[in-house]
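Data block for start_8.txt (compact mmCIF, C-alpha atoms):
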```txt
# COMPACT_ATOMS: atom_id res chain seq x y z
CA MET A 1 -7.32 47.25 1.02
CA GLY A 2 -5.26 47.46 4.24
CA LYS A 3 -5.76 45.44 7.41
CA GLU A 4 -7.48 48.37 9.16
CA ASP A 5 -9.96 48.70 6.28
CA LYS A 6 -10.67 44.95 6.40
CA ARG A 7 -11.16 45.05 10.15
CA LYS A 8 -13.56 47.99 9.80
CA LEU A 9 -15.49 46.21 7.05
CA LEU A 10 -15.80 43.09 9.21
CA LYS A 11 -17.28 45.10 12.07
CA GLU A 12 -19.76 46.93 9.82
CA ASN A 13 -20.92 43.89 7.89
CA LYS A 14 -23.34 41.77 9.91
CA SER A 15 -22.69 38.70 7.81
CA PHE A 16 -19.11 38.73 9.09
CA SER A 17 -19.77 39.73 12.66
CA ARG A 18 -17.58 38.50 15.49
CA PRO A 19 -19.65 35.37 16.19
CA LYS A 20 -19.39 34.41 12.51
CA LEU A 21 -15.64 34.93 12.55
CA ARG A 22 -15.40 32.77 15.63
CA THR A 23 -17.22 30.03 13.75
CA CYS A 24 -14.68 30.26 10.94
CA GLN A 25 -11.88 30.03 13.51
CA GLU A 26 -13.44 26.93 15.04
CA ASN A 27 -13.85 25.43 11.57
CA THR A 28 -10.15 25.98 10.93
CA LYS A 29 -9.25 24.06 14.08
CA CYS A 30 -11.60 21.27 13.04
CA LEU A 31 -9.99 21.12 9.59
CA LEU A 32 -6.49 20.94 11.05
CA ASN A 33 -7.45 18.45 13.74
CA GLN A 34 -9.30 16.22 11.27
CA LYS A 35 -6.24 16.32 9.02
CA ASN A 36 -3.98 15.08 11.79
CA PHE A 37 -6.36 12.76 13.63
CA SER A 38 -7.64 10.35 11.12
CA THR A 39 -8.79 7.57 13.40
CA SER A 40 -12.29 6.37 14.00
CA LEU A 41 -12.00 7.54 17.62
CA PHE A 42 -12.75 11.04 16.41
CA TRP A 43 -15.25 10.03 13.79
CA GLU A 44 -17.61 7.81 15.72
CA PHE A 45 -19.62 10.85 16.80
CA PRO A 46 -20.58 14.15 15.19
CA LEU A 47 -17.79 16.61 15.95
CA CYS A 48 -20.05 19.15 17.65
CA LEU A 49 -20.90 16.73 20.50
CA TYR A 50 -17.52 17.33 22.08
CA SER A 51 -18.89 20.63 23.34
CA LEU A 52 -20.64 18.53 25.99
CA LEU A 53 -17.32 18.24 27.82
CA SER A 54 -15.27 20.93 29.49
CA LYS A 55 -11.97 21.74 27.82
CA HIS A 56 -10.00 20.27 30.74
CA VAL A 57 -11.92 16.99 30.68
CA GLU A 58 -11.69 16.80 26.89
CA ILE A 59 -7.91 17.32 26.76
CA LEU A 60 -7.28 14.78 29.51
CA ARG A 61 -9.69 12.29 27.94
CA MET A 62 -8.03 12.48 24.53
CA SER A 63 -4.59 12.23 26.12
CA ILE A 64 -5.65 9.02 27.85
CA ILE A 65 -7.15 7.59 24.67
CA TYR A 66 -4.13 8.24 22.47
CA GLY A 67 -1.62 7.25 25.13
CA VAL A 68 -3.32 3.90 25.68
CA PHE A 69 -4.02 3.52 21.95
CA SER A 70 -0.36 3.97 21.06
CA ALA A 71 0.88 1.55 23.71
CA SER A 72 -1.80 -1.05 22.91
CA ASN A 73 -0.72 -1.24 19.28
CA LEU A 74 2.40 -3.02 20.52
CA ILE A 75 0.36 -5.93 21.89
CA SER A 76 -2.59 -5.93 19.49
CA PRO A 77 -0.96 -8.41 17.03
CA SER A 78 -0.56 -10.85 19.91
CA VAL A 79 -4.23 -10.51 20.83
CA VAL A 80 -5.32 -11.08 17.24
CA ALA A 81 -2.97 -14.06 16.95
CA ILE A 82 -4.57 -15.70 19.98
CA VAL A 83 -8.31 -15.07 19.48
CA GLY A 84 -8.45 -14.42 15.74
CA PRO A 85 -9.53 -11.34 13.74
CA GLN A 86 -13.29 -11.91 13.90
CA LEU A 87 -13.59 -12.36 17.65
CA SER A 88 -11.16 -9.48 18.19
CA MET A 89 -13.45 -7.18 16.20
CA VAL A 90 -16.55 -8.36 18.08
CA VAL A 91 -15.05 -7.77 21.53
CA SER A 92 -13.63 -4.40 20.46
CA GLY A 93 -17.01 -3.44 19.06
CA ILE A 94 -18.64 -4.14 22.41
CA PHE A 95 -16.20 -1.78 24.13
CA TYR A 96 -16.90 0.85 21.48
CA SER A 97 -20.62 0.55 22.25
CA LEU A 98 -19.96 0.91 25.98
CA TYR A 99 -17.86 3.99 25.28
CA ILE A 100 -20.72 5.60 23.36
CA ALA A 101 -23.21 4.65 26.07
CA VAL A 102 -21.18 6.64 28.64
CA PHE A 103 -22.44 9.84 26.97
CA ILE A 104 -26.06 8.93 27.71
CA GLN A 105 -25.54 9.78 31.38
CA PRO A 106 -22.18 11.59 31.57
CA ALA A 107 -19.91 11.16 34.57
CA THR A 108 -16.28 12.23 34.82
CA TRP A 109 -15.02 8.94 36.24
CA ALA A 110 -16.86 7.05 33.48
CA PHE A 111 -15.22 9.21 30.79
CA TYR A 112 -11.73 8.45 32.05
CA THR A 113 -12.38 4.74 32.58
CA ALA A 114 -14.01 4.34 29.17
CA SER A 115 -11.12 6.24 27.57
CA VAL A 116 -8.69 3.58 28.79
CA PHE A 117 -10.76 0.70 27.44
CA ILE A 118 -11.50 2.41 24.11
CA GLY A 119 -7.78 2.99 23.60
CA ILE A 120 -7.12 -0.73 23.97
CA ALA A 121 -10.16 -1.71 21.90
CA ALA A 122 -9.25 0.68 19.09
CA ALA A 123 -5.77 -0.80 18.73
CA VAL A 124 -7.12 -4.37 18.59
CA LEU A 125 -9.96 -3.38 16.25
CA TRP A 126 -7.74 -1.65 13.68
CA THR A 127 -5.23 -4.50 13.69
CA ALA A 128 -7.99 -7.10 13.32
CA GLN A 129 -9.70 -5.12 10.55
CA GLY A 130 -6.46 -4.85 8.61
CA SER A 131 -5.82 -8.57 9.01
CA CYS A 132 -9.37 -9.43 7.95
CA LEU A 133 -9.16 -7.09 4.96
CA THR A 134 -5.93 -8.71 3.79
CA VAL A 135 -7.13 -12.30 4.32
CA ASN A 136 -10.21 -11.64 2.18
CA SER A 137 -8.27 -9.96 -0.62
CA ASP A 138 -5.55 -10.83 -3.10
CA GLU A 139 -3.14 -8.67 -5.07
CA ASN A 140 -5.87 -7.98 -7.63
CA THR A 141 -8.59 -6.91 -5.18
CA ILE A 142 -6.74 -5.33 -2.24
CA GLY A 143 -6.98 -1.85 -3.78
CA ARG A 144 -10.70 -2.11 -4.43
CA ASN A 145 -11.46 -3.59 -1.03
CA SER A 146 -9.37 -0.95 0.75
CA GLY A 147 -11.35 1.74 -1.05
CA ILE A 148 -14.70 0.24 -0.08
CA PHE A 149 -13.55 -0.15 3.52
CA TRP A 150 -12.42 3.46 3.74
CA ALA A 151 -15.60 4.79 2.11
CA LEU A 152 -17.78 2.91 4.61
CA LEU A 153 -15.63 4.14 7.50
CA GLN A 154 -15.93 7.78 6.45
CA SER A 155 -19.68 7.60 5.84
CA SER A 156 -20.19 8.02 9.60
CA LEU A 157 -18.87 11.57 9.25
CA PHE A 158 -21.51 12.45 6.69
CA PHE A 159 -24.64 10.82 8.10
CA GLY A 160 -23.93 11.63 11.75
CA ASN A 161 -23.28 15.30 11.17
CA LEU A 162 -26.13 15.55 8.65
CA TYR A 163 -28.57 14.36 11.28
CA ILE A 164 -27.22 16.80 13.87
CA TYR A 165 -27.42 19.66 11.37
CA PHE A 166 -31.13 19.18 10.80
CA ALA A 167 -32.16 17.93 14.26
CA TRP A 168 -30.36 20.66 16.20
CA GLN A 169 -30.70 23.51 13.72
CA GLY A 170 -31.33 26.81 15.51
CA LYS A 171 -30.65 25.42 18.98
CA THR A 172 -28.17 27.24 21.20
CA ARG A 173 -28.23 24.70 24.03
CA ILE A 174 -28.02 20.90 23.95
CA SER A 175 -30.78 19.61 26.21
CA GLU A 176 -30.56 16.39 28.20
CA SER A 177 -33.30 14.90 26.03
CA ASP A 178 -31.42 15.77 22.81
CA ARG A 179 -28.21 14.26 24.15
CA ARG A 180 -29.84 11.04 25.27
CA THR A 181 -31.73 10.59 22.01
CA VAL A 182 -28.56 10.90 19.93
CA PHE A 183 -26.36 8.67 22.06
CA ILE A 184 -28.98 5.98 22.59
CA ALA A 185 -29.37 5.81 18.81
CA LEU A 186 -25.59 5.70 18.31
CA THR A 187 -25.25 2.95 20.92
CA VAL A 188 -27.88 0.82 19.20
CA ILE A 189 -26.26 1.37 15.80
CA SER A 190 -22.86 0.43 17.24
CA LEU A 191 -24.24 -2.78 18.74
CA VAL A 192 -25.89 -3.71 15.44
CA GLY A 193 -22.59 -3.13 13.67
CA THR A 194 -20.82 -5.31 16.23
CA VAL A 195 -23.26 -8.16 15.61
CA LEU A 196 -22.64 -7.83 11.86
CA PHE A 197 -18.98 -8.72 12.47
CA PHE A 198 -20.17 -12.31 12.88
CA LEU A 199 -21.28 -12.28 9.22
CA ILE A 200 -17.81 -11.51 7.87
CA ARG A 201 -16.55 -14.57 6.07
CA LYS A 202 -13.52 -16.32 7.46
CA GLN A 203 -10.44 -17.22 5.48
CA GLU A 204 -11.52 -20.79 4.91
CA ASP A 205 -14.79 -19.54 3.42
CA THR A 206 -12.88 -17.82 0.62
CA LYS A 207 -10.94 -20.86 -0.50
CA ALA A 208 -11.91 -22.92 -3.52
CA PRO A 209 -12.81 -26.56 -2.87
CA GLY A 210 -9.69 -28.64 -2.39
CA GLU A 211 -7.41 -25.60 -2.22
CA GLU A 212 -4.65 -25.86 0.34
CA ASP A 213 -4.50 -23.23 3.05
CA SER A 214 -0.95 -23.22 4.32
CA ALA A 215 -1.66 -20.46 6.81
CA ASN A 216 -4.45 -22.43 8.45
CA GLU A 217 -2.31 -25.55 8.48
CA ILE A 218 0.43 -23.67 10.28
CA LEU A 219 -2.04 -22.32 12.81
CA GLY A 220 -3.57 -25.74 13.27
CA ASP A 221 -0.24 -27.39 13.83
CA SER A 222 0.95 -24.65 16.14
CA SER A 223 -2.15 -25.01 18.29
CA SER A 224 -1.00 -28.47 19.29
CA ALA A 225 2.74 -27.77 19.28
CA GLN A 226 2.79 -24.39 20.95
CA THR A 227 0.90 -22.68 23.68
CA LYS A 228 -1.13 -19.59 22.99
CA MET A 229 1.35 -17.57 25.00
CA THR A 230 4.16 -18.67 22.71
CA ARG A 231 2.16 -17.56 19.69
CA ALA A 232 1.49 -14.21 21.34
CA VAL A 233 5.18 -13.66 22.08
CA SER A 234 6.04 -14.66 18.52
CA ALA A 235 3.59 -12.10 17.13
CA PHE A 236 5.04 -9.40 19.38
CA LYS A 237 8.61 -10.16 18.30
CA LYS A 238 7.55 -10.13 14.67
CA SER A 239 6.02 -6.66 15.12
CA ILE A 240 9.22 -5.31 16.66
CA LYS A 241 11.36 -6.83 13.91
CA LEU A 242 9.04 -5.54 11.19
CA SER A 243 9.23 -2.01 12.61
CA PHE A 244 12.84 -1.70 11.45
CA THR A 245 12.44 -2.96 7.90
CA LYS A 246 13.12 -0.55 5.06
CA GLU A 247 9.56 -0.59 3.72
CA ILE A 248 7.92 0.11 7.08
CA LEU A 249 10.36 2.91 7.92
CA LEU A 250 9.65 4.60 4.59
CA LEU A 251 5.90 4.17 4.87
CA SER A 252 6.01 5.52 8.42
CA VAL A 253 6.66 9.00 7.00
CA THR A 254 3.53 8.74 4.87
CA THR A 255 1.59 7.32 7.80
CA ALA A 256 2.71 10.23 9.98
CA TYR A 257 1.15 12.61 7.47
CA THR A 258 -2.23 10.93 7.11
CA GLY A 259 -4.94 12.04 9.17
CA GLY A 260 -12.27 10.80 3.46
CA GLY A 261 -14.40 8.62 1.31
CA ILE A 262 -15.26 9.80 -2.24
CA PHE A 263 -12.10 8.42 -3.77
CA GLY A 264 -12.49 5.27 -1.71
CA LEU A 265 -15.30 4.18 -4.00
CA LEU A 266 -13.19 4.92 -7.08
CA SER A 267 -10.05 3.08 -5.94
CA LYS A 268 -10.44 0.08 -8.20
CA ASN A 269 -7.90 -1.47 -10.55
CA ASN A 270 -5.91 1.64 -11.38
CA ARG A 271 -3.82 0.71 -14.39
CA PHE A 272 -1.06 3.07 -13.28
CA GLY A 273 -0.80 1.75 -9.73
CA ARG A 274 -1.05 3.64 -6.46
CA ASN A 275 1.34 6.53 -7.05
CA PRO A 276 -1.03 8.68 -9.16
CA VAL A 277 -3.68 8.42 -6.45
CA VAL A 278 -1.23 9.57 -3.78
CA MET A 279 -0.06 12.36 -6.08
CA LEU A 280 -3.65 13.53 -6.45
CA GLY A 281 -4.00 13.46 -2.67
CA ILE A 282 -0.97 15.66 -2.00
CA VAL A 283 -1.94 18.14 -4.73
CA VAL A 284 -5.48 18.68 -3.42
CA HIS A 285 -4.09 18.96 0.13
CA PHE A 286 -1.63 21.64 -0.92
CA ILE A 287 -4.46 23.54 -2.60
CA ALA A 288 -6.51 23.25 0.60
CA PHE A 289 -3.60 24.49 2.73
CA TYR A 290 -3.14 27.48 0.42
CA LEU A 291 -6.83 28.42 0.65
CA ILE A 292 -6.87 27.97 4.46
CA PHE A 293 -3.83 30.24 4.77
CA PHE A 294 -5.57 33.01 2.84
CA ASN A 295 -9.05 32.45 4.30
CA MET A 296 -8.29 32.20 8.02
CA PRO A 297 -6.55 34.55 10.51
CA ASN A 298 -3.08 33.42 11.50
CA ASN A 299 -3.99 33.20 15.19
CA ALA A 300 -7.20 31.24 14.54
CA PRO A 301 -5.97 27.94 16.09
CA ILE A 302 -4.93 29.62 19.36
CA ALA A 303 -7.61 32.33 19.62
CA PRO A 304 -9.99 32.27 22.63
CA MET A 305 -13.52 30.96 22.22
CA GLU A 306 -14.77 34.56 22.13
CA GLY A 307 -13.15 34.87 18.72
CA THR A 308 -10.49 37.06 17.15
CA ASP A 309 -10.47 40.51 15.55
CA ASP A 310 -7.47 39.63 13.41
CA VAL A 311 -8.06 39.36 9.70
CA ALA A 312 -6.63 37.05 7.06
CA TYR A 313 -5.50 37.95 3.55
CA MET A 314 -9.15 37.84 2.48
CA ILE A 315 -12.53 38.22 4.15
CA PRO A 316 -13.31 34.83 5.76
CA SER A 317 -15.71 32.84 3.60
CA LYS A 318 -17.83 29.89 4.63
CA GLU A 319 -17.88 28.68 1.05
CA VAL A 320 -14.08 28.55 0.92
CA ALA A 321 -13.99 26.78 4.29
CA LEU A 322 -16.42 24.13 3.00
CA LEU A 323 -14.33 23.72 -0.16
CA CYS A 324 -11.25 23.17 2.02
CA SER A 325 -13.16 20.52 3.98
CA PHE A 326 -13.96 18.71 0.73
CA LEU A 327 -10.36 18.88 -0.50
CA LEU A 328 -8.96 17.63 2.81
CA GLY A 329 -11.43 14.74 2.81
CA LEU A 330 -10.60 13.84 -0.78
CA GLY A 331 -6.87 13.95 -0.09
CA ASP A 332 -7.21 11.87 3.07
CA SER A 333 -9.08 9.16 1.21
CA CYS A 334 -6.37 9.10 -1.48
CA PHE A 335 -3.62 8.56 1.08
CA ASN A 336 -5.38 6.15 3.43
CA THR A 337 -6.83 3.84 0.78
CA GLN A 338 -3.43 3.46 -0.85
CA LEU A 339 -1.67 2.90 2.47
CA LEU A 340 -4.14 0.15 3.36
CA SER A 341 -3.70 -1.31 -0.11
CA ILE A 342 0.09 -1.39 -0.13
CA LEU A 343 0.29 -2.79 3.42
CA GLY A 344 -2.11 -5.58 2.49
CA PHE A 345 -0.10 -6.23 -0.68
CA LEU A 346 3.36 -6.26 0.93
CA TYR A 347 2.38 -8.27 4.01
CA SER A 348 -0.37 -10.52 2.73
CA GLU A 349 1.04 -13.55 4.56
CA ASP A 350 0.91 -11.97 8.02
CA SER A 351 -0.64 -8.50 7.96
CA ALA A 352 -1.56 -7.99 11.64
CA PRO A 353 1.89 -6.69 12.73
CA ALA A 354 2.06 -4.33 9.75
CA PHE A 355 -1.34 -2.78 10.48
CA ALA A 356 -0.48 -2.52 14.17
CA ILE A 357 2.66 -0.52 13.31
CA PHE A 358 0.60 1.60 10.90
CA LYS A 359 -1.82 2.62 13.67
CA PHE A 360 0.99 2.97 16.22
CA VAL A 361 2.79 5.57 14.13
CA GLN A 362 -0.47 7.29 13.23
CA SER A 363 -1.65 7.52 16.84
CA ILE A 364 1.69 8.84 18.11
CA CYS A 365 1.67 11.58 15.48
CA ALA A 366 -1.97 12.35 16.23
CA ALA A 367 -1.12 12.84 19.90
CA VAL A 368 1.74 15.19 19.02
CA ALA A 369 -0.46 17.17 16.61
CA TYR A 370 -3.25 17.32 19.17
CA PHE A 371 -0.79 18.92 21.59
CA TYR A 372 0.76 21.52 19.30
CA SER A 373 -2.52 22.49 17.58
CA ASN A 374 -3.44 24.68 20.56
CA TYR A 375 -0.07 26.46 20.65
CA PHE A 376 1.22 26.94 17.09
CA LEU A 377 0.02 29.68 14.78
CA LEU A 378 -1.80 28.66 11.62
CA GLN A 379 1.18 29.29 9.33
CA TRP A 380 3.43 26.92 11.30
CA GLN A 381 0.81 24.17 11.44
CA LEU A 382 0.35 24.41 7.68
CA LEU A 383 4.12 24.41 7.14
CA ILE A 384 4.51 21.24 9.19
CA MET A 385 1.87 19.48 7.12
CA VAL A 386 3.39 20.65 3.83
CA VAL A 387 6.88 19.42 4.76
CA VAL A 388 5.75 16.07 6.20
CA GLY A 389 3.30 15.59 3.34
CA PHE A 390 5.99 16.18 0.72
CA PHE A 391 8.47 13.72 2.22
CA GLY A 392 5.66 11.23 2.96
CA THR A 393 4.72 11.26 -0.71
CA ILE A 394 8.32 10.68 -1.79
CA THR A 395 8.79 7.74 0.58
CA PHE A 396 5.51 6.19 -0.57
CA PHE A 397 6.64 6.45 -4.20
CA THR A 398 9.88 4.67 -3.29
CA VAL A 399 8.10 1.73 -1.67
CA GLU A 400 5.54 1.51 -4.49
CA TRP A 401 8.22 1.43 -7.19
CA GLU A 402 9.97 -1.43 -5.40
CA ALA A 403 6.65 -3.27 -4.98
CA ALA A 404 5.89 -2.82 -8.67
CA ALA A 405 9.31 -4.19 -9.64
CA ALA A 406 8.76 -7.23 -7.44
CA LEU A 407 5.32 -7.78 -8.96
CA VAL A 408 6.63 -7.62 -12.51
CA ALA A 409 9.47 -9.99 -11.57
CA ARG A 410 6.87 -12.55 -10.50
CA GLY A 411 5.22 -12.24 -13.89
CA SER A 412 2.07 -10.56 -12.57
CA ASP A 413 0.28 -7.64 -14.23
CA TYR A 414 1.04 -4.38 -12.38
CA SER A 415 -2.13 -2.73 -13.68
CA SER A 416 -4.21 -5.32 -11.85
CA ILE A 417 -3.54 -3.74 -8.44
```
I'd like the structure from this file rewritten - as structure tokens, please.
Amino acid sequence: MGKEDKRKLLKENKSFSRPKLRTCQENTKCLLNQKNFSTSLFWEFPLCLYSLLSKHVEILRMSIIYGVFSASNLISPSVVAIVGPQLSMVVSGIFYSLYIAVFIQPATWAFYTASVFIGIAAAVLWTAQGSCLTVNSDENTIGRNSGIFWALLQSSLFFGNLYIYFAWQGKTRISESDRRTVFIALTVISLVGTVLFFLIRKQEDTKAPGEEDSANEILGDSSSAQTKMTRAVSAFKKSIKLSFTKEILLLSVTTAYTGGGIFGLLSKNNRFGRNPVVMLGIVVHFIAFYLIFFNMPNNAPIAPMEGTDDVAYMIPSKEVALLCSFLLGLGDSCFNTQLLSILGFLYSEDSAPAFAIFKFVQSICAAVAYFYSNYFLLQWQLLIMVVVGFFGTITFFTVEWEAAAALVARGSDYSSI
């Protein structure tokens, strides 16, 4: 069947009318954007709520967020070093709640102001979460805990969008009442989650009676011997120095590729280590990219909101699009859980700088992808992800093999990770 025959069939078949094709095009952009923007900034709300903003406001808002987010990752280890992981998460959570509350009564100036603060808060929150995750784990539990953390993080995607699907089903316009109901509920949930940060156990709570805590001793001694500013500067210098180590440079390629939660629950004591999980992630991603290439028109990412009359190599299918969503989510969880695990394993003594670099690289790449996603054809976007994904997998394998050799040299069981 030629392209003209496919185009004629699309016009005659109501189930694949132009509005439906436009929906498939929008789904493609969501799939690509989710793949490249795997930070909680995008996932705190159901994706469809971004239609509340004009395209100009949305682009500028996201530019502000990722610009500030990237820059703030340079100072976030210093903030965590001064106030501690728990208080850092609480304060960041408050700013997240304020950011959500802005949508209750939208105002342009409030969007831009909140975007600046959420960029700073996100950098501190991710660094503090990584530090807290590492402090409460050891080499035997870091993989499991990373999986649980990632599964809980991604659950917001499922429950938030599930509610919107049923509550707004059949509606063509988002009323003021609908908007306020959703964002008031999200604000309350965010505040409750922020309060729950106080219940996270501290490092001293995890120690056995009489066990020495050298890290706490160092911090205690430094509190009297050094000023907080000195500690902040030390943390900043450590982050810069760590950025140029072999392991971080190699993992940066994998981080650049990562953008969610099914595999997170299964990431527990893999006897073969982390590499098979990452291999599974890249394989399912390549399958997803192949299906997207055949299912979606090549100009889908840059087509106007009215839609496109171009056809792909097959008639666009919602079922295939949903399958691609599942595969991308599964692959993302494979990559991110293992990245969190290996960072916590390699830098268990002082993990804040490592996690700050992790989010710095990720946010920079997200900003770049956010820019080119509206200009590059589908085939070039998929090619970029295939190339970066391939080399990111190779570099991860290299770091993991070296980590495994070091673990065996210490006499530990590699299968325990």
Could you give me the axis-aligned bounding box of stretch 188-197 of chain A, with 3 Å of padding per side, as centre plus edge lengths in Å to one decimal, as AutoDock Vina command-line options?
```
--center_x -23.4 --center_y -3.7 --center_z 15.5 --size_x 14.9 --size_y 16.1 --size_z 13.3
```
- Message: List the spatial neighbours of A:Ser137 as a list in words - criterion: any atom at most 10 Å away, all atoms listed in the file, same-chain residues fewer than 6 positions off excluded.
- Response: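 Once the adjacent positions are removed, what remains is Gly143, Arg144, Asn145, Ser146, Gln203, Thr206, Ser341, Gly344, Phe345 and Ser348 of chain A.
Using only C-alpha atoms for every distance, the candidate list A:Met314, A:Leu378, A:Val277, A:Val124 yields A:Val124 as the residue closest to A:Pro77.
Residues lying within 9 Å of A:Phe198, counting all atoms listed in the file and ignoring same-chain neighbours fewer than 6 positions away, are Gln86, Leu87 and Val90 of chain A.
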Item to complete: Take atom CA of A:Leu242 and atom CA of A:Asp332 and report the distance between them in Å, one decimal.
Response: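 Computing it gives 25.2 Å between the two atoms.
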Q) Could you name the residues that touch A:Val182 at 10 Å or less, counting all atoms listed in the file, but leaving out those on the same chain fewer than 3 positions away, as a list in words? A)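 Here the qualifying residues turn out to be Phe45, Pro46, Leu49, Phe103, Ile104, Gly160, Tyr163, Ile164, Ala167, Ser177, Asp178, Arg179, Ala185, Leu186 and Thr187 of chain A.
As for atom CA of A:Thr141 and atom CA of A:Ser156, they are spaced 24.0 Å apart.
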Q. What gap, in Å, lies between atom CA of A:Leu322 and atom CA of A:Pro304?
A.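 Between atom CA of A:Leu322 and atom CA of A:Pro304 the gap works out to 22.2 Å.
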Which protein, DNA or RNA residues have an atom at most 12 Å from (-5.4, 23.4, 1.4), counting all atoms listed in the file? List them as a PyMOL selection string. chain A and resi 28+31-32+35+281-296+320-332+379+381-383+385-386+389
- Message: Here's a test: counting only C-alpha atoms, identify every protein, DNA and RNA residue with an atom at most 8 Å from (-1.4, 10.2, -3.0) in the file's coordinate frame, and state them as a list in words.
- Response: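 Checked against the point, the hits come out as Arg274, Asn275, Pro276, Val277, Val278, Met279, Leu280, Gly281, Ile282, Gly331, Cys334, Phe335, Gln338 and Thr393 of chain A.
Proximity to A:Gly84 at 12 Å, evaluated using all atoms listed in the file and with sequence-adjacent residues fewer than 4 positions away removed, yields Ser76, Pro77, Ser78, Val79, Val80, Ser88, Met89, Val90, Val91, Val124, Leu125, Thr127, Ala128, Gln129, Ser131, Cys132, Val135, Lys202, Gln203, Asn216, Leu219, Lys228, Arg231, Ala232 and Ala352 of chain A.
Remark: for A:Asn298, the closest of the candidate residues A:Tyr96, A:Tyr375, A:Phe236, A:Phe360 is A:Tyr375 (distances computed over all atoms listed in the file).
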With all atoms listed in the file as the counted atoms, please give the residues lying no more than 9 Å from A:Cys365, apart from itself and same-chain residues fewer than 2 positions off, as a PyMOL selection string. chain A and resi 36-37+255-257+360-363+367-370
Judged by only C-alpha atoms, the minimum distance to A:Ala121 among A:Asn374, A:Ser97, A:Ser175, A:Thr181 is found for A:Ser97
| So which one's closest to A:Ala71, A:Val102, A:Ile394, A:Ala122, A:Leu196? Using all atoms listed in the file, please. |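 Checking each of A:Val102, A:Ile394, A:Ala122, A:Leu196 against A:Ala71, counting all atoms listed in the file, the winner is A:Ala122.
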